[in-house]
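For reference, the structure discussed in these notes is given below.
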Amino acid sequence: MVFSHTQALTTHYSWTSTTLISSAPMRLIATSPLAVAVSKASGLGFLGLGTDISTFPSLLNEAATALHSSPIAKTPPHILPIGVGFICWGADLSTALSIIQSAPLKPVAAWLFAPQDPKGLTTWTEGIRIESSGKTKIWIQVGTVAMALDVAKSCKPDVLVIQTFPSLLGGIVDGRGVAAASTLGANGVWMGTRFLASPEAAIDGGVTTARTTVYDRSGGTVGWPETYNGRGVLNQSFRDHAHGMSEDENKKLMTTYAGTGVSQIHRVLPAGDIVREILKDSRDSLVRAGSIL
């Protein structure tokens, strides 16, 4: 029997809505409170492990403890209904595999991003599938059509996470965006920026954004492949850098990364309420569009 992409998602993540909404594994920001809140609202929350996975066991334990006292219905057996995200160029694969292998409940998905060499994704994919006995599904983030085709062939991921064309689509902050993504053929959406404006996100705020590597360098995260950078909320550190302050001096303030949709966010809401509101608004948008046609 051949499943559609939507059927595969609802089978693997049986507690989620038909249009899958996931929270991105934002490094240092997406901790257990955010991931748990999103999954409990029929989405899929991810832990942002990034390059330093020393907190991996404790974050898994925190999520498992929270969900043990308030379990999510329809969760498959031996599965933690939370995903984990790795920045592959800096995360230690052998340590990650050991933690996954020893975890009593396997994280339901592993989001892989930014290897030094795209061929390294094959090693990550094969290792995670073996150590989780296939329970942890593979999500791979790509940014070009060429990389998507290569990854689909070499890794056969369960989900392709893409910002520029449909599969699991990013760059969205509201229900209208979810509805638009659905009509383009996306099987779900992932959101980072929208969840920054929730009490569960471990951040400080900001007012506008720019693409820059300043914040990584100021925070001591160096080693990113040259093809990657991020969009950050501007603060005094950015302005000091622009005026010539050295990186050694410019470590007093940090920022959070955010997408261009930050200008469309006007309220701080609990993460669960964000998921529920966006699902409702997306359904309403599709009904309105159908009535016009």
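The chains in the structure tokens are called A, B, ... from first to last as shown; in each chain the residues are counted from 1, and the ligands are counted from 1 in the order shown.
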Quiz item: Residues of stretch 61-214 of chain A in alpha helix (DSSP H) according to DSSP, as a ChimeraX atom specification?
Solution: /A:61-69,93-102,120-131,145-154,175-183,193-196,214
Sorted by chain and rising residue number, list the residues of stretch 38-112 of chain A at most 12 Å from stretch 277-281 of chain A (counting only C-alpha atoms), each with its closest atom pair and distance in Å to one decimal, as a tab-separated table.
residue	atom	partner	partner_atom	distance
A:Val38	CA	A:Ile278	CA	12.0
A:Ala41	CA	A:Leu279	CA	10.2
A:Ser42	CA	A:Leu279	CA	9.8
A:Gly43	CA	A:Leu279	CA	9.8
Exercise. Within 12 Å of A:Arg288, counting only C-alpha atoms, which residues show up once you throw out same-chain ones fewer than 6 positions away? Write them as an MDAnalysis selection string, please.
Key: chainID A and resid 176 179 281:282
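You can rank A:Ala109, A:Ala152, A:Ile274, A:Leu121 by their closest distance to A:Ile138 using only C-alpha atoms, and at the top of that list sits A:Ala109.
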Residue with the minimum atom-to-atom distance to A:Ser154, picked from A:Thr18, A:Ser39, A:Thr123, A:Thr6 with only C-alpha atoms counted, is A:Thr123
task: Can you work out which one of A:Ala73, A:Ile87, A:Ala181, A:Ala96 has the shortest atom-to-atom distance to A:Pro115, counting only C-alpha atoms?
output: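 Distance minimum relative to A:Pro115 lands on A:Ile87.
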Could you find all residues in stretch 56-163 of chain A that DSSP calls strand (DSSP E or B) from the backbone, and write them as a PyMOL selection string? chain A and resi 79-87+106-113+137-142+159-162
Using only C-alpha atoms, the shortest atom-to-atom distance to A:Trp190 among A:Leu97, A:Ile72, A:Ile172, A:Val159 belongs to A:Ile172
